[in-house]
Amino acid sequence: MKNRQFSEYQIIKLLQDAKKGEKPVEDLCRDFGCSPASFYAWKKKSGDTAPDEAKRLRRLEKENARLLKIVGQQRLEIDAMKDVIQKKR
């Protein structure tokens with residue numbers, strides 16, 4: 001997996017600068033060192049989030065993925081146990 005070149009804080013700062021409208025997006029991207037396509041992808045993903053909200057959202061997404069994995073494993077175990085019980089009868 002490719003390492004991220006920009007931190008969440010830097011991305012959010014770029015999005016906030018673009019929201020101010022002082023400079024065109026292309027100029028901001030050139031100064032920041034990213035492509036406009038990356039900017040619009042970040043904008044679609046982050047929207048109007050603050051740095052603290054972005055960190056909180058990232059943490060919640062990781063926790064959600066972890067919990068979904070646990071539930072999936074438990075479901076597989078339950079199905080396997082049901083199969084064993086069915087075969088014993």
# chains A, B, ... in the order shown; residues from 1 in each chain; ligands from 1
>>> select_by_dssp(residues="chain A", states="alpha helix (DSSP H)", output="number ranges by chain")
A: 8-20, 25-32, 36-46, 51-88
>>> residues_around(residues="Glu8 of chain A", least_positions_apart="4", cutoff="12 Å", atoms="only C-alpha atoms", output="PyMOL selection string")
chain A and resi 4+12-15+42-43+45-46+49-58
>>> atom_distance(atom1="atom CA of Gly47 of chain A", atom2="atom CA of Ala18 of chain A")
11.4 Å
>>> atom_distance(atom1="atom CA of Lys69 of chain A", atom2="atom CA of Asp83 of chain A")
21.4 Å
>>> atom_distance(atom1="atom CA of Val25 of chain A", atom2="atom CA of Arg59 of chain A")
28.8 Å
